[in-house]
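See below for the structure under consideration.
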Amino acid sequence: MTTTLITGANKGLGYETARRLVAEGHTVYLGSRDPERGRRAAAELGARPVVIDVTDDASVAAAAKTVEAEGGLDVLINNAGIEGRGAGNSVIGAAEVTADMMRELFETNVFGVVRVLHAFLPLLGRSASPVVVNLSSGLASLARITDPGGPAHAYPGVAYPASKTAVNTITVQYAKAFPGIRVNAVEPGFTATDLNGNTGFQTVEEGAEIIVRMALIGPDGPTGGFFDASGPVPW
C-alpha cells in the first residue's frame with residue numbers, strides 16, 4: 001500500500017488531495033499545524049492526522065518520527081503555503097513589500113519545503129517508488145509573468161511569486177540530486193481557497209487534479225518538471 005504525507009491538508013487543496021488519494025487506496029497522513037483541525041479533517045476522510053508545522057524544526061522532526069514508526073513513506077506532497085495579502089485582501093505590491101514580509105513567506109513556502117524534504121528524504125529513500133510533489137504557481141513562471149499578453153503579467157505581488165520560483169529551483173536541484181525519486185512542481189491554477197481569500201475561479205476539485213495526477217506517477221514518470229493540468233509549464 002502507498003503511504004502519502006500532505007502538509008497543510010486540513011482544508012483547501014490539501015484536503016481535497018487527501019480525499020482523492022484516500023479514494024485511490026493510499027494511506028494518507030493529513031498534516032496540519034492545528035491538532036484539533038487536523039484530527040477532525042482526518043476523521044472526515046479516513047486519513048491519519050499528524051501535527052506538522054513546516055516552519056518549526058522540532059515539529060517536522062517529530063512528524064517524521066511518527067511516520068517512520070508507523071511504516072514509512074512513499075509520497076510527499078509539500079502543499080503548505082501562504083500568500084501574505086494585506087488589508088482588505090489586497091495583494092502587497094512592490095512599493096509596499098518589505099524584507100520582513102518576504103522573510104515570512106519564504107519561511108513557509110521555501111524554507112518549509114527544504115525543512116520537510118530534509119526530514120523525510122531518508123524515509124523516501126527506502127520506498128520502492130518514491131515521489132515528491134511541490135506546490136508551485138503559474139506566478140513562479142518567469143515566462144508567464146514577463147508575457148504582457150498573459151494574466152500572470154498583471155499580478156503586482158513580489159513575495160509570493162519569488163517564493164514559488166525558489167520552489168521550482170529546489171524541485172529541479174533535488175530531482176538531479178536524487179534520480180531515484182520523482183520530484184516535480186505543480187501549478188494547480190487560480191483556485192478558490194483561503195490562501196487567496198477565495199478569489200480564485202477554479203474549484204478545489206479542479207485545482208487538485210494535477211496534484212493527484214503527479215502523486216500517482218510511477219518510477220517511469222517525469223522528474224524535475226513543472227506541470228499544470230494541461231501539461232508542462234514554461235519556467
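Here's how to read the names in the C-alpha cells: chain A, B, ... by the order shown, residue numbers from 1 in each chain, ligand numbers from 1 in the order shown.
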If we count only C-alpha atoms, what is near A:Val131 at a cut-off of 12 Å, once residues fewer than 2 positions away on the same chain are taken out, given as a ChimeraX atom specification? /A:2-6,73-78,117,120-121,123-129,133-134,171,174-175,178-185,211-224
Select from stretch 85-122 of chain A every residue with an atom at most 10 Å from any atom of stretch 61-72 of chain A, then for each give the shortest pair of atoms and their distance in Å to one decimal, using only C-alpha atoms, rows by chain and rising number, as CSV.
```
residue,atom,partner,partner_atom,distance
A:Arg115,CA,A:Ala61,CA,9.0
A:Val116,CA,A:Ala61,CA,8.4
A:His118,CA,A:Ala61,CA,9.5
A:Ala119,CA,A:Ala61,CA,6.2
A:Phe120,CA,A:Ala64,CA,6.1
A:Leu121,CA,A:Ala64,CA,9.7
A:Pro122,CA,A:Gly72,CA,9.4
```
Those same residues - N, CA and C atoms - I'd like them written as a PDB file, in the first residue's frame.
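Once written, selection_21.pdb looks like this:
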```pdb
ATOM      1  N   ARG A 115      12.930  22.126   4.753  1.00  0.00           N
ATOM      2  CA  ARG A 115      12.906  21.508   6.086  1.00  0.00           C
ATOM      3  C   ARG A 115      12.205  20.144   6.034  1.00  0.00           C
ATOM      4  N   VAL A 116      11.077  20.087   5.352  1.00  0.00           N
ATOM      5  CA  VAL A 116      10.316  18.834   5.265  1.00  0.00           C
ATOM      6  C   VAL A 116      11.062  17.817   4.402  1.00  0.00           C
ATOM      7  N   HIS A 118      14.263  17.570   3.909  1.00  0.00           N
ATOM      8  CA  HIS A 118      15.432  17.083   4.649  1.00  0.00           C
ATOM      9  C   HIS A 118      15.044  16.017   5.667  1.00  0.00           C
ATOM     10  N   ALA A 119      13.912  16.234   6.338  1.00  0.00           N
ATOM     11  CA  ALA A 119      13.485  15.295   7.380  1.00  0.00           C
ATOM     12  C   ALA A 119      12.961  13.986   6.805  1.00  0.00           C
ATOM     13  N   PHE A 120      12.316  14.055   5.631  1.00  0.00           N
ATOM     14  CA  PHE A 120      11.648  12.863   5.101  1.00  0.00           C
ATOM     15  C   PHE A 120      12.410  12.150   3.993  1.00  0.00           C
ATOM     16  N   LEU A 121      13.497  12.710   3.514  1.00  0.00           N
ATOM     17  CA  LEU A 121      14.274  12.040   2.472  1.00  0.00           C
ATOM     18  C   LEU A 121      14.750  10.645   2.875  1.00  0.00           C
ATOM     19  N   PRO A 122      15.208  10.436   4.117  1.00  0.00           N
ATOM     20  CA  PRO A 122      15.610   9.073   4.494  1.00  0.00           C
ATOM     21  C   PRO A 122      14.472   8.059   4.360  1.00  0.00           C
TER      22      PRO A 122
END
```
For A:Ala94, find every residue with an atom within 9 Å (counting only C-alpha atoms), except residues of its own chain fewer than 3 positions away, and show them as a PyMOL selection string. chain A and resi 97-98+156-159
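The residue set within 8 Å of A:Ala9, counting only C-alpha atoms and dropping same-chain residues fewer than 3 places from it, reads Ile6, Gly12, Leu13, Gly14, Tyr15, Thr17, Ala18, Leu30, Gly31, Ser32, Gly38, Asn79 and Ala80 of chain A.
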Write a file of the just-selected residues containing C-alpha atoms, as a short mmCIF file (atom, residue, chain, number, x, y, z; two decimals), in the first residue's frame.
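To be explicit, this is the file written out as result.cif:
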```cif
data_model
loop_
_atom_site.label_atom_id
_atom_site.label_comp_id
_atom_site.auth_asym_id
_atom_site.auth_seq_id
_atom_site.Cartn_x
_atom_site.Cartn_y
_atom_site.Cartn_z
CA ILE A 6 0.36 16.02 2.70
CA GLY A 12 -8.42 23.63 0.66
CA LEU A 13 -6.31 21.89 -1.94
CA GLY A 14 -4.56 19.74 0.64
CA TYR A 15 -7.85 18.44 1.98
CA THR A 17 -5.97 15.95 -2.46
CA ALA A 18 -6.16 13.85 0.69
CA LEU A 30 -3.07 14.55 6.83
CA GLY A 31 -0.61 17.17 8.05
CA SER A 32 -1.87 20.18 9.97
CA GLY A 38 -6.16 18.04 11.72
CA ASN A 79 1.29 21.71 -0.02
CA ALA A 80 1.53 24.10 2.96
#
```
Give me the residues within 8 Å of A:Met1 as a short mmCIF file (atom, residue, chain, number, x, y, z; two decimals) with N, CA, C and O atoms, in the first residue's frame, counting only C-alpha atoms and dropping any in the same chain fewer than 3 places off.
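Contents of part-v4.cif, freshly written:
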```cif
data_model
loop_
_atom_site.label_atom_id
_atom_site.label_comp_id
_atom_site.auth_asym_id
_atom_site.auth_seq_id
_atom_site.Cartn_x
_atom_site.Cartn_y
_atom_site.Cartn_z
N GLY A 25 -6.83 4.51 -2.51
CA GLY A 25 -6.28 3.42 -1.71
C GLY A 25 -5.02 3.76 -0.95
O GLY A 25 -4.41 2.88 -0.31
N HIS A 26 -4.60 5.03 -0.99
CA HIS A 26 -3.42 5.43 -0.23
C HIS A 26 -3.72 5.49 1.26
O HIS A 26 -4.83 5.83 1.67
N THR A 27 -2.71 5.18 2.05
CA THR A 27 -2.73 5.55 3.47
C THR A 27 -2.23 6.98 3.54
O THR A 27 -1.08 7.26 3.21
#
```
Residue set, stretch 38-212 of chain A restricted to helix (DSSP H, G or I), as a ChimeraX atom specification: /A:38-45,57-69,87-89,99-109,111-124,138-140,142-145,151-154,159-177,194-196,204-212
Considering only C-alpha atoms, tabulate each residue of stretch 103-183 of chain A that lies at most 12 Å from stretch 82-91 of chain A along with its nearest interatomic pair and the corresponding distance in Å to one decimal; arrange the rows by chain and ascending residue number and present them as a Markdown table.
```
| residue | atom | partner | partner_atom | distance |
| --- | --- | --- | --- | --- |
| A:Arg103 | CA | A:Gly84 | CA | 10.8 |
| A:Glu104 | CA | A:Gly84 | CA | 8.2 |
| A:Leu105 | CA | A:Ile82 | CA | 6.3 |
| A:Phe106 | CA | A:Ile82 | CA | 9.1 |
| A:Glu107 | CA | A:Ile82 | CA | 9.7 |
| A:Thr108 | CA | A:Ile82 | CA | 7.0 |
| A:Asn109 | CA | A:Ile82 | CA | 6.8 |
| A:Val110 | CA | A:Ile82 | CA | 10.5 |
| A:Gly112 | CA | A:Ile82 | CA | 11.0 |
| A:Leu135 | CA | A:Ile82 | CA | 11.2 |
| A:Ser136 | CA | A:Ile82 | CA | 11.3 |
| A:Ser137 | CA | A:Glu83 | CA | 10.9 |
| A:Leu139 | CA | A:Glu83 | CA | 11.4 |
| A:Ala154 | CA | A:Val91 | CA | 11.3 |
| A:Tyr155 | CA | A:Val91 | CA | 8.2 |
| A:Pro156 | CA | A:Val91 | CA | 6.9 |
| A:Gly157 | CA | A:Val91 | CA | 5.8 |
| A:Val158 | CA | A:Val91 | CA | 9.1 |
| A:Ala159 | CA | A:Glu83 | CA | 7.8 |
| A:Tyr160 | CA | A:Glu83 | CA | 5.5 |
| A:Pro161 | CA | A:Glu83 | CA | 8.9 |
| A:Ala162 | CA | A:Glu83 | CA | 10.8 |
| A:Ser163 | CA | A:Glu83 | CA | 9.3 |
| A:Lys164 | CA | A:Glu83 | CA | 10.1 |
```
Only C-alpha atoms, please: the residues just picked out, written as an mmCIF file, in the first residue's frame.
```
data_model
loop_
_atom_site.group_PDB
_atom_site.id
_atom_site.type_symbol
_atom_site.label_atom_id
_atom_site.label_comp_id
_atom_site.auth_asym_id
_atom_site.auth_seq_id
_atom_site.Cartn_x
_atom_site.Cartn_y
_atom_site.Cartn_z
ATOM 1 C CA ARG A 103 11.054 36.551 5.050
ATOM 2 C CA GLU A 104 7.674 35.446 6.426
ATOM 3 C CA LEU A 105 6.592 33.959 3.102
ATOM 4 C CA PHE A 106 9.936 32.322 2.449
ATOM 5 C CA GLU A 107 9.892 30.740 5.919
ATOM 6 C CA THR A 108 6.782 28.751 4.991
ATOM 7 C CA ASN A 109 6.915 28.461 1.212
ATOM 8 C CA VAL A 110 10.638 27.886 0.691
ATOM 9 C CA GLY A 112 9.463 24.894 4.939
ATOM 10 C CA LEU A 135 3.086 23.034 -4.855
ATOM 11 C CA SER A 136 4.181 25.893 -7.067
ATOM 12 C CA SER A 137 2.225 28.519 -9.000
ATOM 13 C CA LEU A 139 3.237 33.093 -10.984
ATOM 14 C CA ALA A 154 -0.824 41.763 -14.185
ATOM 15 C CA TYR A 155 -0.115 40.288 -10.731
ATOM 16 C CA PRO A 156 1.601 43.041 -8.696
ATOM 17 C CA GLY A 157 2.939 40.977 -5.796
ATOM 18 C CA VAL A 158 6.630 40.264 -5.248
ATOM 19 C CA ALA A 159 6.983 37.876 -2.300
ATOM 20 C CA TYR A 160 4.670 35.067 -3.384
ATOM 21 C CA PRO A 161 5.923 34.683 -6.977
ATOM 22 C CA ALA A 162 9.537 34.904 -5.785
ATOM 23 C CA SER A 163 8.938 32.201 -3.178
ATOM 24 C CA LYS A 164 7.379 29.850 -5.712
#
```
So that I can check the surroundings of A:Arg48, please list as a list in words every protein, DNA and RNA residue that reaches within 7 Å of it, counting only C-alpha atoms and ignoring chain neighbours fewer than 6 positions away.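 In the requested form, the answer reads Val28, Tyr29, Leu30 and Ala42 of chain A.
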Residues of stretch 5-231 of chain A in strand (DSSP E) according to DSSP, as JSON, numbers by chain? {"A": [5, 6, 27, 28, 29, 30, 31, 32, 48, 49, 50, 51, 75, 76, 77, 78, 131, 132, 133, 134, 135, 182, 183, 184, 185, 186, 226, 227, 228, 231]}
Go through A:Ala152, A:Val113, A:Ala177, A:Ala143 and flag the residue nearest A:Asp53, using only C-alpha atoms for the distances. A:Val113
Compile the contact shell of A:Trp235 as a list of chain:residue names: residues with an atom at most 10 Å away, counting only C-alpha atoms, same-chain residues fewer than 4 positions apart removed.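 Skipping anything fewer than 4 positions along the chain leaves A:Gly138, A:Ala140, A:Ser141, A:Leu142, A:Ala143, A:Arg144, A:Thr165, A:Asn168, A:Thr169, A:Gly225, A:Phe226, A:Phe227.
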Store the residues picked out above, limited to C-alpha atoms, as a PDB file, in the first residue's frame.
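Result file is out-v7.pdb:
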```
ATOM      1  CA  GLY A 138       1.873  29.872 -12.513  1.00  0.00           C
ATOM      2  CA  ALA A 140       6.540  31.252 -10.492  1.00  0.00           C
ATOM      3  CA  SER A 141       6.966  31.071 -14.264  1.00  0.00           C
ATOM      4  CA  LEU A 142       9.252  33.863 -15.454  1.00  0.00           C
ATOM      5  CA  ALA A 143       7.963  33.203 -18.955  1.00  0.00           C
ATOM      6  CA  ARG A 144       4.402  33.883 -17.833  1.00  0.00           C
ATOM      7  CA  THR A 165      10.137  30.466  -8.251  1.00  0.00           C
ATOM      8  CA  ASN A 168      10.838  25.483  -8.739  1.00  0.00           C
ATOM      9  CA  THR A 169      14.612  25.746  -8.399  1.00  0.00           C
ATOM     10  CA  GLY A 225       9.445  19.155 -14.222  1.00  0.00           C
ATOM     11  CA  PHE A 226       6.801  21.844 -13.759  1.00  0.00           C
ATOM     12  CA  PHE A 227       3.255  20.864 -14.719  1.00  0.00           C
TER      13      PHE A 227
END
```
Just how far from atom CA of A:Ala58 is atom CA of A:Val186, in Å to one decimal? 27.4 Å
